[in-house]
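Here the structure comes first, spelled out in structure tokens, and everything after it is commentary.
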Amino acid sequence: MDWTSSQLRSLVELRRRGTITAVAQALGYTPGGVSQQIAALEKATGMELLQRVGRRVELTDAGMTLADHAERILSTEAEAVQALERSRNEISGVLLVGLFATAAAEILPQALRRVREAHPGLAVHSRDMDVDEVYDAVASGGVDLALGLDYPDLPIPRDPALRVVQLYRERFSLAVPAGSMDGREEVALTDTQDLVWIMASADSYYGRAVRTACRRAGIEPDVQHEVTDTAATLALVEAGIGVSTVTDLMLRLRASRFDVVRLHETIERHIVVVFRSSAERRPTVAALVDVLRAVAGTRRGIPA
């Protein structure tokens with residue numbers, strides 16, 4: 001039958017995620033694009049693969065059967081790609097990398113320069129995405145590998161189908177309005193009990209990790225501004241609105257005028273690279289992971 005890998009992957013992800021919108025977010029398509037992929041599959045098979053149940057869609061029995069076989073087809077295709085890459089005498093091919101804003105600004109440029117020098121036949125394309133989405137994007141095949149974050153206070157759930165390699169660690173400090181700490185070099189989280197916090201949403205891993213650390217220290221942070229964007233957070237601190245946790249990598253995103261104070265408690269985040277376990281032996285993936293490790297070795301974070 002005449003179908004494409006993209007169409008099969010859309011079907012597999014629809015079974016996994018349950019909504020066309022979620023599939024579109026994971027694979028980098030529009031919802032309309034996903035619907036077109038499924039419609040093309042139905043045309044190729046001559047069978048109805050979806051059925052509407054209220055406001056939702058569900059796979060029909062035929063859709064479930066095809067999704068089972070599609071997973072095996074996609075797995076075989078991935079094995080074929082690995083075999084072809086290993087048969088070449090050089091590292092060449094195309095990899096799509098998912099990454100969050102801070103990594104795009106601070107890590108990707110150095111990595112791309114090193115790839116051009118060491119592996120001119122390797123083309124690296126990138127896709128900016130929400131940091132909490134990179135694990136699903138790798139698992140679904142939406143990207144080949146991704147740079148992500150992990151938090152000791154709230155570890156990302158581990159999927160046996162994924163490999164997570166730590167590149168380096170960063171310790172959080174506290175960004176405070178200029179002059180508000182009377183020159184103190186270190187504060188404890190308990191010292192922030194009466195301060196206004198600027199923090200990522202409690203729905204995000206970052207937001208939950210910082211709240212967990214605060215509660216472990218015995219305080220409930222007064223979060224009056226839930227902000228995801230790092231540059232916007234730094235601007236609010238600079239304006240004297242409140243305090244927020246920061247790392248060296250985050251501070252380099254925007255030149256700001258405020259004070260940075262060491263936290264007594266240890267709160268960390270880990271910069272990681274994520275790829276499918278089945279792709280671990282792909283020469284292109286292994287080469288890019290090595291480059292990312294080399295770039296990480298030049299950072300000022302805590303070595304992995």
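Letters A, B, ... go to the chains of the structure tokens in the order shown; residues in each chain start at 1; ligands are counted from 1 in the same order.
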
Ala105 (chain A) environment, 10 Å, only C-alpha atoms, sequence neighbours closer than 3 positions dropped, as a PyMOL selection string: chain A and resi 99-102+108-110+249-250+252-253

Residue set, region 191-262 of chain A restricted to strand (DSSP E or B), as number ranges by chain: A: 196-199, 222-226, 243-246, 259-262

Given only C-alpha atoms as the counted atoms, nearest of A:Arg127, A:Arg116, A:Arg254, A:Lys43 to Tyr29 (chain A): A:Arg127

Spatial neighbours of Arg276 (chain A), 6 Å, only C-alpha atoms, chain gap at least 3 places, as a PyMOL selection string: chain A and resi 161-163+279

Resulting file, chosen residues, C-alpha atoms, as a PDB file, in the first residue's frame:
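Output file out.pdb is given in full below:
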ATOM      1  CA  ALA A 161      12.754   3.586  25.337  1.00  0.00           C
ATOM      2  CA  LEU A 162      14.867   6.710  25.938  1.00  0.00           C
ATOM      3  CA  ARG A 163      18.481   7.315  26.889  1.00  0.00           C
ATOM      4  CA  ALA A 279      19.321   5.062  18.077  1.00  0.00           C
TER       5      ALA A 279
END

Selection: 10 Å around Tyr151 (chain A), only C-alpha atoms, excl. self and same-chain fewer than 3 positions, as a list in words: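 Those residues are Leu154, Pro155, Ile156, Arg169, Tyr205, Tyr206, Arg208, Ala209, Val210, Ile267, Glu268, Arg269, His270 and Ile271 of chain A.
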
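Taking CA of Val260 (chain A) as the reference point, CA of Ala178 (chain A) is found at 8.7 Å.
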
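In terms of minimum interatomic distance to Leu234 (chain A), A:Ala255 ranks closest within A:Ala188, A:Ala39, A:Leu167, A:Ala255, counting only C-alpha atoms.
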
Proximity to Arg55 (chain A) - best of A:Leu8, A:Val187, A:Ile38, A:Ile20, only C-alpha atoms: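 Selected residue with least distance to Arg55 (chain A): A:Ile20.
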
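The gap separating CA of Asp130 (chain A) from CA of Met64 (chain A) is 29.6 Å, in Å to one decimal.
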
Residues near Trp197 (chain A), anyone? I mean within 6 Å using only C-alpha atoms, not counting same-chain ones fewer than 2 positions away, as a PDB file with all heavy atoms, in the first residue's frame.
ATOM      1  N   ASP A 222       5.601  32.827  48.092  1.00  0.00           N
ATOM      2  CA  ASP A 222       4.503  33.712  47.701  1.00  0.00           C
ATOM      3  C   ASP A 222       4.664  34.041  46.213  1.00  0.00           C
ATOM      4  O   ASP A 222       5.237  35.062  45.843  1.00  0.00           O
ATOM      5  CB  ASP A 222       4.538  34.987  48.548  1.00  0.00           C
ATOM      6  CG  ASP A 222       3.412  35.953  48.196  1.00  0.00           C
ATOM      7  OD1 ASP A 222       2.469  35.536  47.494  1.00  0.00           O
ATOM      8  OD2 ASP A 222       3.499  37.130  48.604  1.00  0.00           O
ATOM      9  N   VAL A 223       4.151  33.153  45.377  1.00  0.00           N
ATOM     10  CA  VAL A 223       4.305  33.312  43.923  1.00  0.00           C
ATOM     11  C   VAL A 223       3.181  34.204  43.406  1.00  0.00           C
ATOM     12  O   VAL A 223       2.027  33.786  43.304  1.00  0.00           O
ATOM     13  CB  VAL A 223       4.274  31.943  43.202  1.00  0.00           C
ATOM     14  CG1 VAL A 223       4.482  32.138  41.701  1.00  0.00           C
ATOM     15  CG2 VAL A 223       5.333  31.015  43.781  1.00  0.00           C
ATOM     16  N   GLY A 242      10.142  41.289  42.296  1.00  0.00           N
ATOM     17  CA  GLY A 242      10.265  40.127  43.170  1.00  0.00           C
ATOM     18  C   GLY A 242      11.592  39.429  42.976  1.00  0.00           C
ATOM     19  O   GLY A 242      12.516  39.983  42.365  1.00  0.00           O
ATOM     20  N   VAL A 243      11.672  38.198  43.489  1.00  0.00           N
ATOM     21  CA  VAL A 243      12.909  37.420  43.412  1.00  0.00           C
ATOM     22  C   VAL A 243      12.644  36.160  42.601  1.00  0.00           C
ATOM     23  O   VAL A 243      11.500  35.736  42.430  1.00  0.00           O
ATOM     24  CB  VAL A 243      13.430  37.040  44.815  1.00  0.00           C
ATOM     25  CG1 VAL A 243      13.646  38.290  45.660  1.00  0.00           C
ATOM     26  CG2 VAL A 243      12.464  36.073  45.517  1.00  0.00           C
ATOM     27  N   SER A 244      13.729  35.546  42.117  1.00  0.00           N
ATOM     28  CA  SER A 244      13.579  34.318  41.343  1.00  0.00           C
ATOM     29  C   SER A 244      14.889  33.532  41.372  1.00  0.00           C
ATOM     30  O   SER A 244      15.967  34.110  41.563  1.00  0.00           O
ATOM     31  CB  SER A 244      13.213  34.638  39.892  1.00  0.00           C
ATOM     32  OG  SER A 244      12.958  33.450  39.158  1.00  0.00           O
TER      33      SER A 244
END

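The closest residue to Thr45 (chain A), picked from A:Asp194, A:Asp2, A:Glu265, A:Glu58 and counting only C-alpha atoms, is A:Asp2.
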
DSSP alpha helix (DSSP H) selection over region 98-194 of chain A, as a list in words: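 These are the residues in question: Ala101, Thr102, Ala103, Ala104, Ala105, Glu106, Leu108, Pro109, Gln110, Ala111, Leu112, Arg113, Arg114, Val115, Arg116, Glu117, Ala118, Val134, Tyr135, Asp136, Ala137, Val138, Ala139 and Ser140 of chain A.
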
Distance criterion (only C-alpha atoms): nearest to Ser140 (chain A) out of A:Val23, A:Val246, A:Leu292, A:Leu263: A:Val23

Pairwise distance for CA of Met129 (chain A) and CA of Gly28 (chain A), rounded to one decimal in Å: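 Straight-line distance from CA of Met129 (chain A) to CA of Gly28 (chain A) works out to 9.2 Å.
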
Shell around Glu13 (chain A) at 10 Å using only C-alpha atoms, local window under 4 positions removed, as a ChimeraX atom specification: /A:8-9,17-20,22-24,26-27,67,71,139-142

Residues as selected, N, CA and C atoms, written as a PDB file, in the first residue's frame, can you do that?
ATOM      1  N   LEU A   8       2.288   7.002   9.096  1.00  0.00           N
ATOM      2  CA  LEU A   8       2.248   5.930  10.095  1.00  0.00           C
ATOM      3  C   LEU A   8       2.592   6.465  11.482  1.00  0.00           C
ATOM      4  N   ARG A   9       3.565   7.369  11.554  1.00  0.00           N
ATOM      5  CA  ARG A   9       3.950   7.920  12.860  1.00  0.00           C
ATOM      6  C   ARG A   9       2.798   8.733  13.450  1.00  0.00           C
ATOM      7  N   ARG A  17      -1.424   9.404  22.278  1.00  0.00           N
ATOM      8  CA  ARG A  17      -1.733  10.682  22.918  1.00  0.00           C
ATOM      9  C   ARG A  17      -3.224  10.995  22.983  1.00  0.00           C
ATOM     10  N   GLY A  18      -3.995  10.422  22.095  1.00  0.00           N
ATOM     11  CA  GLY A  18      -5.439  10.540  22.204  1.00  0.00           C
ATOM     12  C   GLY A  18      -6.102  11.703  21.490  1.00  0.00           C
ATOM     13  N   THR A  19      -5.343  12.761  21.166  1.00  0.00           N
ATOM     14  CA  THR A  19      -5.946  13.900  20.471  1.00  0.00           C
ATOM     15  C   THR A  19      -5.053  14.331  19.315  1.00  0.00           C
ATOM     16  N   ILE A  20      -5.686  14.854  18.276  1.00  0.00           N
ATOM     17  CA  ILE A  20      -4.935  15.344  17.114  1.00  0.00           C
ATOM     18  C   ILE A  20      -4.073  16.539  17.495  1.00  0.00           C
ATOM     19  N   ALA A  22      -2.586  17.098  20.379  1.00  0.00           N
ATOM     20  CA  ALA A  22      -1.389  16.614  21.076  1.00  0.00           C
ATOM     21  C   ALA A  22      -0.395  16.011  20.096  1.00  0.00           C
ATOM     22  N   VAL A  23      -0.881  15.296  19.099  1.00  0.00           N
ATOM     23  CA  VAL A  23       0.005  14.725  18.080  1.00  0.00           C
ATOM     24  C   VAL A  23       0.703  15.838  17.311  1.00  0.00           C
ATOM     25  N   ALA A  24      -0.048  16.873  16.944  1.00  0.00           N
ATOM     26  CA  ALA A  24       0.532  17.991  16.203  1.00  0.00           C
ATOM     27  C   ALA A  24       1.641  18.658  16.995  1.00  0.00           C
ATOM     28  N   ALA A  26       3.527  17.309  19.333  1.00  0.00           N
ATOM     29  CA  ALA A  26       4.666  16.397  19.490  1.00  0.00           C
ATOM     30  C   ALA A  26       5.479  16.274  18.216  1.00  0.00           C
ATOM     31  N   LEU A  27       4.802  16.284  17.065  1.00  0.00           N
ATOM     32  CA  LEU A  27       5.492  16.034  15.799  1.00  0.00           C
ATOM     33  C   LEU A  27       5.831  17.302  15.029  1.00  0.00           C
ATOM     34  N   ALA A  67      -1.996   0.506  13.584  1.00  0.00           N
ATOM     35  CA  ALA A  67      -1.044   1.142  14.500  1.00  0.00           C
ATOM     36  C   ALA A  67      -0.058   0.119  15.058  1.00  0.00           C
ATOM     37  N   GLU A  71       4.048   0.449  14.234  1.00  0.00           N
ATOM     38  CA  GLU A  71       5.165   0.512  15.186  1.00  0.00           C
ATOM     39  C   GLU A  71       6.306  -0.395  14.747  1.00  0.00           C
ATOM     40  N   ALA A 139      10.601  10.612  22.050  1.00  0.00           N
ATOM     41  CA  ALA A 139       9.936   9.302  22.104  1.00  0.00           C
ATOM     42  C   ALA A 139       9.060   9.065  20.884  1.00  0.00           C
ATOM     43  N   SER A 140       8.429  10.129  20.395  1.00  0.00           N
ATOM     44  CA  SER A 140       7.504   9.985  19.272  1.00  0.00           C
ATOM     45  C   SER A 140       8.209   9.972  17.927  1.00  0.00           C
ATOM     46  N   GLY A 141       9.512  10.305  17.904  1.00  0.00           N
ATOM     47  CA  GLY A 141      10.209  10.395  16.632  1.00  0.00           C
ATOM     48  C   GLY A 141      10.057  11.747  15.982  1.00  0.00           C
ATOM     49  N   GLY A 142       9.462  12.717  16.699  1.00  0.00           N
ATOM     50  CA  GLY A 142       9.337  14.063  16.165  1.00  0.00           C
ATOM     51  C   GLY A 142      10.686  14.717  15.961  1.00  0.00           C
TER      52      GLY A 142
END
